[in-house]
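Enquirer: Would you mind keeping the following structure in view while I ask a few things?
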Amino acid sequence: MFKKIRQSFSVAGYNFRQWRRNPRIIITFLLAFILCFLLSDKAVAFAEEHQTTMQIAEAFIWTFGDSNSILLSSLLLILLFSDMPFLSSGTPFYLMRINRRIWVMGQAIYIFLAAGVYLLFILVSTSLVCMTNSFTANMWSKTAAILGYSGEGQAIALPALVKTLEMSHPYQCMASIFFLMLLYALVLIFFMLFFNIWKGQAAGVISVFAFSIYGFLLNPENLQSLFRLPDELAYKTRVWVGWLSPLNQATYHMHNFGYDNLPRLWQTYAIGGALLLLLMLLSLWAIRRYSFHFRGTEGGA
Amino acid sequence: MKSIIKLENLSKSFGEDLVLKSVNREFEEGKIHGIVGNNGSGKTVMMKCVCGFLQPSQGRVFVNYKQVGKEVDFPENMGIIIETPGFLPNLSGLKNLELLASLQRRIHKEIIRQTIRRVGLDPDMKKPVGKYSLGMRQRLGIAQAIMEDPSLLVLDEPFNGLDKNGTGQMRTLIKDLREQGKTILLASHNQIDIDELCDTVCEMDAGVMTMIR
C-alpha cells in the first residue's frame, strides 16, 4: 500500500518536473496574474475613489465571490491542463515500472496539487494588487461596509452583500471562497480527465467547455431577463439554479446562510466531494481499456 | 525451450485501418528475435501490444504466461525502448535514471552508475539530457531498459541515432545480454543488425507476420 502511494506521488512529481522552463505553464500563470489585476480593479478603484482602506483578502473576496470571475479563472485551468493525459515520450519508462491504476492515481494527485497551486497564486496575486492600501486584521474594512450597506456594491457588480458581512469574517469568507473555487476547478478537471481517458483528448476538451457553458447559461439573472419571470418565480428559479448549476454552487453568496433554500456550504462540499469520487472511480474504470499514444515516439507503425 | 512471449490471433485496428492482422507467434526464452519491416508495417504497434500500451482489437498477448491487459497491466520484469526515448530535459542522465529506479527501489545508485558506464556514457556528466545528442539519448534509453536486470527486453530501433562506433558497442552489449540468458525482441530497419544479432527473424508486411529464419 505504502509503495503504491509512493509510486503515485512519483508520477505526480514527474509531471511537476515538466513545469520547469515550460512556456505553457509560464503563460498560464502570467495570464492568471493579468486576469486577477483586471478583475479586482473595480474593488481597488472603489476604495481609492472613496479614500478608504481594504482588508487584504477583500479584493479576492469581492472578485471571486462572483460566478463570472470564477468561470474566467477556471478557463485558464484548461490551458494549464491542456497536455492531459500527460503522455510524453518519457511516460513509457514510468508505466513499465507501475500499473495503470497507480498512473491514474498519480495524475489525480497532480491535478489536486496543481489546481491548489494555481488558486493560491490567484489568491496571492489579488492580495498583491490591493496590498498598498490594505490591513491584515480579521475584520471588514470601511470599503466593505460602504459596498455592502449602501448598495453601491450591486451598482458596480461587486458581490459585497450584507449577508456576507454579517455572517462571517474576512479570512473565513476567503477560505470558503478558496475551497469553493478549488472544488469547482477539481470537478472541471476531473471531468476532462475522465472524458480524455474514456473517449480521447478532443472529448476531454469538449466536455470541459460543455460543463462551463452549462454553468454559465444557468444564471438566475440571465434566466429572469430571458423569460421575463415575475419576482416570486425568479426567486424559485434562483433556488433551483443554486442547486443545479455547478458554477452557482461555487459562488459564495449563492449559499444558504440561514434564511433561504439555497445549498449550505457543507452541502456543496459534500456534492462536490461525491462528484470527485465518482469521476475518479470512472477514470479508474476507463483506464483499463485505454490505449497509450505517447508524444514524440510515434514514428512508423 | 519455453515460450516467453505468445501472440494469439493478435489484431489491432485504428478506426478502419487494420494495422495487425491476426498475428500468431511464440518467442522462445533466451534468444534474440528480430522483427524487420518497412515503416508502417506494424512492428511498433505489435511491440506496444506486447508492452501493454495498446489494447488488442482482437486476440491475446501472453508474456511470462500472464495475459497482458488482463492478468497484468504491463509485463513484469521487462525493459523497453520504444523509438526515441524521452527523459526530463533539465536533469542529468544519472538523475533521470535514479528517478525511474526510485519507482521500484530494486537497485541502488552504484548499479545505475555501472549501467551508464556500460552503455558508454559518463555517470558524472552534469550536462542535462536536453543537451544530449540523439545517440547519447539512445544510449541512456538502453541503460534505463537494462539497469534493473530484466529477463525480457523489447527494443524498438535501439540503434537509432548511433554512430558506427556506438552501433558496434550496442551490438556487443546485446550479444552479452543474450549470453546472460535474456530474451530480446528487436525491431530494426538495418538488415546487418538483424543478420548479425538475431537467432530468429520475422518480417512484418502490412500487418502480417511471416517467419523468415
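Numbering starts fresh at 1 for the residues of each chain in the C-alpha cells, the chains themselves are lettered A, B, ... in the order given, and ligands are numbered from 1 as they appear.
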Please identify every residue of chain A that has at least one atom no more than 8 Å from any atom of chain B, counting only C-alpha atoms, and report them as a ChimeraX atom specification.

Expert: /A:6-7,10,17-18,20,88-91,93-100,288-293,296-301

Enquirer: Please produce a file of those selected residues containing C-alpha atoms, as a PDB file, in the first residue's frame.

Expert:
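Final output, part12.pdb:
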```pdb
ATOM      1  CA  ARG A   6       4.896   6.496  -3.033  1.00  0.00           C
ATOM      2  CA  GLN A   7       4.758   5.491  -6.712  1.00  0.00           C
ATOM      3  CA  SER A  10       6.448   9.906  -8.017  1.00  0.00           C
ATOM      4  CA  ARG A  17       9.219  18.420 -13.094  1.00  0.00           C
ATOM      5  CA  GLN A  18       7.966  19.261 -16.583  1.00  0.00           C
ATOM      6  CA  ARG A  20      10.441  23.934 -15.340  1.00  0.00           C
ATOM      7  CA  SER A  88       5.259  12.377 -23.025  1.00  0.00           C
ATOM      8  CA  SER A  89       7.971  10.271 -24.618  1.00  0.00           C
ATOM      9  CA  GLY A  90       9.265   9.507 -21.119  1.00  0.00           C
ATOM     10  CA  THR A  91       5.953   8.107 -19.875  1.00  0.00           C
ATOM     11  CA  PHE A  93       9.514   4.171 -18.855  1.00  0.00           C
ATOM     12  CA  TYR A  94       7.308   5.098 -15.884  1.00  0.00           C
ATOM     13  CA  LEU A  95       4.410   2.892 -16.946  1.00  0.00           C
ATOM     14  CA  MET A  96       6.607  -0.221 -17.192  1.00  0.00           C
ATOM     15  CA  ARG A  97       7.508   0.184 -13.530  1.00  0.00           C
ATOM     16  CA  ILE A  98       3.972   0.743 -12.201  1.00  0.00           C
ATOM     17  CA  ASN A  99       0.441  -0.171 -13.313  1.00  0.00           C
ATOM     18  CA  ARG A 100      -2.489   1.655 -14.865  1.00  0.00           C
ATOM     19  CA  ARG A 288      -8.424  -0.447 -18.020  1.00  0.00           C
ATOM     20  CA  ARG A 289      -9.103  -0.279 -21.780  1.00  0.00           C
ATOM     21  CA  TYR A 290      -7.102   2.852 -22.547  1.00  0.00           C
ATOM     22  CA  SER A 291      -4.538   2.789 -25.371  1.00  0.00           C
ATOM     23  CA  PHE A 292      -1.471   4.930 -24.705  1.00  0.00           C
ATOM     24  CA  HIS A 293      -0.158   7.097 -27.535  1.00  0.00           C
ATOM     25  CA  GLY A 296       7.466  12.186 -29.511  1.00  0.00           C
ATOM     26  CA  THR A 297       7.720   8.448 -30.039  1.00  0.00           C
ATOM     27  CA  GLU A 298       5.219   7.966 -32.828  1.00  0.00           C
ATOM     28  CA  GLY A 299       7.117   7.032 -35.925  1.00  0.00           C
ATOM     29  CA  GLY A 300       6.469   4.122 -38.188  1.00  0.00           C
ATOM     30  CA  ALA A 301       3.662   1.836 -37.187  1.00  0.00           C
TER      31      ALA A 301
END
```

Enquirer: Identify, with DSSP run on backbone atoms, the residues in chain B assigned to helix (DSSP H, G or I), and express the list as a compact mmCIF listing (two decimals) with N, CA and C atoms, in the first residue's frame.

Expert:
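This went into result38.txt:
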```txt
# COMPACT_ATOMS: atom_id res chain seq x y z
N LYS B 43 5.32 -3.08 -36.96
CA LYS B 43 6.30 -3.54 -35.95
C LYS B 43 6.08 -2.87 -34.59
N THR B 44 6.02 -1.54 -34.62
CA THR B 44 5.90 -0.79 -33.36
C THR B 44 4.58 -1.08 -32.68
N VAL B 45 3.51 -1.18 -33.48
CA VAL B 45 2.18 -1.47 -32.89
C VAL B 45 2.21 -2.83 -32.21
N MET B 46 2.86 -3.80 -32.86
CA MET B 46 2.96 -5.14 -32.27
C MET B 46 3.72 -5.07 -30.94
N MET B 47 4.81 -4.31 -30.96
CA MET B 47 5.62 -4.20 -29.73
C MET B 47 4.86 -3.49 -28.63
N LYS B 48 4.09 -2.47 -29.01
CA LYS B 48 3.29 -1.75 -28.00
C LYS B 48 2.20 -2.65 -27.42
N CYS B 49 1.68 -3.55 -28.23
CA CYS B 49 0.70 -4.52 -27.71
C CYS B 49 1.38 -5.47 -26.71
N VAL B 50 2.61 -5.87 -27.04
CA VAL B 50 3.37 -6.75 -26.13
C VAL B 50 3.63 -6.04 -24.80
N CYS B 51 3.95 -4.74 -24.89
CA CYS B 51 4.23 -3.96 -23.67
C CYS B 51 2.96 -3.63 -22.88
N GLY B 93 21.64 12.66 -16.92
CA GLY B 93 21.27 11.27 -17.23
C GLY B 93 21.14 10.44 -15.96
N LEU B 94 22.10 10.61 -15.05
CA LEU B 94 22.09 9.84 -13.80
C LEU B 94 20.83 10.15 -12.99
N LYS B 95 20.49 11.43 -12.89
CA LYS B 95 19.32 11.84 -12.09
C LYS B 95 18.03 11.25 -12.70
N ASN B 96 17.97 11.27 -14.05
CA ASN B 96 16.80 10.70 -14.72
C ASN B 96 16.64 9.22 -14.38
N LEU B 97 17.74 8.49 -14.45
CA LEU B 97 17.67 7.05 -14.16
C LEU B 97 17.39 6.79 -12.69
N GLU B 98 17.92 7.64 -11.82
CA GLU B 98 17.64 7.49 -10.38
C GLU B 98 16.15 7.65 -10.09
N LEU B 99 15.55 8.63 -10.79
CA LEU B 99 14.10 8.84 -10.60
C LEU B 99 13.30 7.61 -11.02
N LEU B 100 13.69 7.04 -12.17
CA LEU B 100 12.98 5.85 -12.66
C LEU B 100 13.20 4.66 -11.71
N ALA B 101 14.44 4.53 -11.25
CA ALA B 101 14.75 3.40 -10.35
C ALA B 101 14.04 3.55 -9.01
N SER B 102 13.75 4.81 -8.62
CA SER B 102 13.11 5.03 -7.32
C SER B 102 11.66 4.50 -7.29
N LEU B 103 11.11 4.24 -8.47
CA LEU B 103 9.73 3.73 -8.50
C LEU B 103 9.65 2.34 -7.89
N GLN B 104 10.64 1.51 -8.17
CA GLN B 104 10.59 0.14 -7.65
C GLN B 104 11.62 -0.14 -6.55
N LYS B 109 22.24 3.07 -6.22
CA LYS B 109 22.86 4.06 -7.09
C LYS B 109 24.07 3.52 -7.85
N GLU B 110 24.88 2.68 -7.20
CA GLU B 110 26.11 2.20 -7.84
C GLU B 110 25.77 1.36 -9.08
N ILE B 111 24.70 0.58 -9.00
CA ILE B 111 24.28 -0.23 -10.17
C ILE B 111 23.91 0.70 -11.33
N ILE B 112 23.22 1.79 -11.00
CA ILE B 112 22.82 2.73 -12.06
C ILE B 112 24.07 3.32 -12.71
N ARG B 113 25.03 3.69 -11.89
CA ARG B 113 26.28 4.27 -12.42
C ARG B 113 27.00 3.26 -13.32
N GLN B 114 27.04 2.01 -12.85
CA GLN B 114 27.70 0.97 -13.65
C GLN B 114 27.00 0.79 -14.99
N THR B 115 25.66 0.82 -14.95
CA THR B 115 24.89 0.62 -16.20
C THR B 115 25.15 1.77 -17.17
N ILE B 116 25.24 2.98 -16.63
CA ILE B 116 25.51 4.14 -17.50
C ILE B 116 26.89 3.99 -18.16
N ARG B 117 27.85 3.52 -17.36
CA ARG B 117 29.20 3.28 -17.93
C ARG B 117 29.14 2.19 -19.00
N ARG B 118 28.31 1.20 -18.74
CA ARG B 118 28.22 0.05 -19.64
C ARG B 118 27.75 0.46 -21.04
N VAL B 129 20.04 16.27 -19.92
CA VAL B 129 19.70 15.39 -21.06
C VAL B 129 19.21 16.19 -22.27
N GLY B 130 18.62 17.36 -22.00
CA GLY B 130 18.14 18.22 -23.10
C GLY B 130 19.26 18.60 -24.05
N LYS B 131 20.50 18.56 -23.54
CA LYS B 131 21.64 18.94 -24.40
C LYS B 131 22.36 17.70 -24.95
N LEU B 134 21.29 12.80 -30.10
CA LEU B 134 20.31 11.71 -30.25
C LEU B 134 20.94 10.36 -29.85
N GLY B 135 22.21 10.20 -30.25
CA GLY B 135 22.92 8.96 -29.92
C GLY B 135 23.07 8.78 -28.42
N MET B 136 23.41 9.86 -27.71
CA MET B 136 23.57 9.78 -26.25
C MET B 136 22.24 9.44 -25.58
N ARG B 137 21.17 10.03 -26.08
CA ARG B 137 19.84 9.73 -25.52
C ARG B 137 19.48 8.26 -25.73
N GLN B 138 19.88 7.78 -26.91
CA GLN B 138 19.59 6.38 -27.22
C GLN B 138 20.35 5.46 -26.27
N ARG B 139 21.60 5.80 -26.00
CA ARG B 139 22.40 5.01 -25.05
C ARG B 139 21.75 5.05 -23.66
N LEU B 140 21.30 6.25 -23.27
CA LEU B 140 20.66 6.37 -21.95
C LEU B 140 19.35 5.56 -21.90
N GLY B 141 18.66 5.56 -23.05
CA GLY B 141 17.42 4.77 -23.14
C GLY B 141 17.72 3.29 -22.94
N ILE B 142 18.80 2.83 -23.55
CA ILE B 142 19.18 1.42 -23.39
C ILE B 142 19.57 1.16 -21.92
N ALA B 143 20.27 2.13 -21.32
CA ALA B 143 20.66 1.98 -19.91
C ALA B 143 19.43 1.83 -19.01
N GLN B 144 18.39 2.66 -19.25
CA GLN B 144 17.19 2.55 -18.39
C GLN B 144 16.48 1.21 -18.62
N ALA B 145 16.62 0.67 -19.85
CA ALA B 145 15.95 -0.61 -20.14
C ALA B 145 16.63 -1.77 -19.42
N ILE B 146 17.95 -1.69 -19.28
CA ILE B 146 18.68 -2.86 -18.73
C ILE B 146 19.06 -2.70 -17.26
N LYS B 164 28.74 4.77 -36.02
CA LYS B 164 29.25 3.43 -36.30
C LYS B 164 29.84 2.78 -35.04
N ASN B 165 30.62 3.61 -34.31
CA ASN B 165 31.25 3.12 -33.09
C ASN B 165 30.19 2.73 -32.05
N GLY B 166 29.19 3.62 -31.90
CA GLY B 166 28.12 3.38 -30.92
C GLY B 166 27.30 2.14 -31.27
N THR B 167 27.04 1.98 -32.56
CA THR B 167 26.28 0.81 -33.01
C THR B 167 27.04 -0.47 -32.67
N GLY B 168 28.37 -0.43 -32.91
CA GLY B 168 29.21 -1.58 -32.60
C GLY B 168 29.16 -1.92 -31.12
N GLN B 169 29.27 -0.88 -30.27
CA GLN B 169 29.23 -1.09 -28.81
C GLN B 169 27.89 -1.69 -28.37
N MET B 170 26.81 -1.19 -28.95
CA MET B 170 25.49 -1.67 -28.54
C MET B 170 25.24 -3.09 -29.02
N ARG B 171 25.81 -3.42 -30.20
CA ARG B 171 25.69 -4.80 -30.69
C ARG B 171 26.38 -5.77 -29.72
N THR B 172 27.57 -5.36 -29.29
CA THR B 172 28.32 -6.19 -28.33
C THR B 172 27.52 -6.34 -27.04
N LEU B 173 26.93 -5.23 -26.59
CA LEU B 173 26.14 -5.25 -25.36
C LEU B 173 24.96 -6.20 -25.48
N ILE B 174 24.28 -6.14 -26.63
CA ILE B 174 23.10 -7.01 -26.83
C ILE B 174 23.52 -8.49 -26.88
N LYS B 175 24.67 -8.75 -27.48
CA LYS B 175 25.17 -10.13 -27.51
C LYS B 175 25.48 -10.61 -26.08
N ASP B 176 26.09 -9.71 -25.29
CA ASP B 176 26.39 -10.05 -23.88
C ASP B 176 25.11 -10.38 -23.11
N LEU B 177 24.07 -9.60 -23.40
CA LEU B 177 22.80 -9.81 -22.70
C LEU B 177 22.22 -11.19 -23.04
N ARG B 178 22.37 -11.57 -24.31
CA ARG B 178 21.90 -12.91 -24.69
C ARG B 178 22.70 -13.99 -23.95
N GLU B 179 24.02 -13.76 -23.85
CA GLU B 179 24.86 -14.72 -23.14
C GLU B 179 24.40 -14.89 -21.69
N GLN B 191 19.32 -4.40 -41.90
CA GLN B 191 19.42 -5.84 -42.14
C GLN B 191 20.68 -6.43 -41.50
N ILE B 192 21.77 -5.62 -41.44
CA ILE B 192 23.03 -6.12 -40.86
C ILE B 192 22.84 -6.42 -39.38
N ASP B 193 22.15 -5.50 -38.66
CA ASP B 193 21.88 -5.72 -37.22
C ASP B 193 21.13 -7.03 -37.04
N ILE B 194 20.15 -7.23 -37.87
CA ILE B 194 19.29 -8.41 -37.74
C ILE B 194 20.10 -9.68 -38.05
N ASP B 195 20.85 -9.64 -39.16
CA ASP B 195 21.63 -10.81 -39.57
C ASP B 195 22.67 -11.20 -38.51
N GLU B 196 23.31 -10.17 -37.95
CA GLU B 196 24.41 -10.42 -37.03
C GLU B 196 23.92 -10.85 -35.64
N LEU B 197 22.79 -10.30 -35.22
CA LEU B 197 22.39 -10.49 -33.82
C LEU B 197 21.33 -11.56 -33.59
```

Enquirer: Could you state the separation of atom CA of Ile32 of chain B and atom CA of Leu185 of chain B in Å, given to one decimal place?

Expert: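 So the two atoms, atom CA of Ile32 of chain B and atom CA of Leu185 of chain B, lie 6.0 Å apart.
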
Enquirer: Fewer than 6 positions away in the same chain doesn't count, so skip those; otherwise give me all residues within 12 Å of Leu282 of chain A, counting only C-alpha atoms, as a tab-separated table (two decimals) with C-alpha atoms, in the first residue's frame.

Expert:
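So part-v7.tsv came out as:
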```
chain	number	residue	atom	x	y	z
A	101	ARG	CA	-4.26	2.41	-11.59
A	104	VAL	CA	-4.24	7.43	-12.78
A	190	PHE	CA	-11.62	15.53	-13.37
A	191	PHE	CA	-14.41	15.77	-15.97
A	192	MET	CA	-11.71	16.49	-18.51
A	193	LEU	CA	-9.54	13.61	-17.25
A	194	PHE	CA	-12.36	11.09	-17.41
A	195	PHE	CA	-13.52	12.05	-20.92
A	196	ASN	CA	-9.90	12.19	-22.06
A	197	ILE	CA	-9.30	8.62	-20.95
A	198	TRP	CA	-12.71	7.33	-21.99
A	275	LEU	CA	-18.77	14.06	-7.78
A	276	LEU	CA	-14.98	13.94	-7.50
A	288	ARG	CA	-8.42	-0.45	-18.02
```

Enquirer: Give me the residues within 9 Å of segment 130-132 of chain A as a list in words, counting only C-alpha atoms and dropping any in the same chain fewer than 5 places off.

Expert: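 Returned residues: Ser40, Asp41, Ala43, Val44, Met54, Gln55, Ile56, Ala57, Glu58 and Ala59 of chain A.
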
Enquirer: Only C-alpha atoms, please: the residues just picked out, written as a PDB file, in the first residue's frame.

Expert:
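Contents of the output file out14.pdb:
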```pdb
ATOM      1  CA  SER A  40     -10.001  43.073  -8.935  1.00  0.00           C
ATOM      2  CA  ASP A  41      -9.549  46.529 -10.386  1.00  0.00           C
ATOM      3  CA  ALA A  43     -12.846  46.878  -5.916  1.00  0.00           C
ATOM      4  CA  VAL A  44      -9.420  48.542  -5.689  1.00  0.00           C
ATOM      5  CA  MET A  54      -9.364  47.352   2.439  1.00  0.00           C
ATOM      6  CA  GLN A  55      -8.815  44.158   4.366  1.00  0.00           C
ATOM      7  CA  ILE A  56      -6.077  42.276   2.455  1.00  0.00           C
ATOM      8  CA  ALA A  57      -8.383  39.366   1.490  1.00  0.00           C
ATOM      9  CA  GLU A  58     -11.242  41.597   0.351  1.00  0.00           C
ATOM     10  CA  ALA A  59     -10.033  42.067  -3.235  1.00  0.00           C
TER      11      ALA A  59
END
```
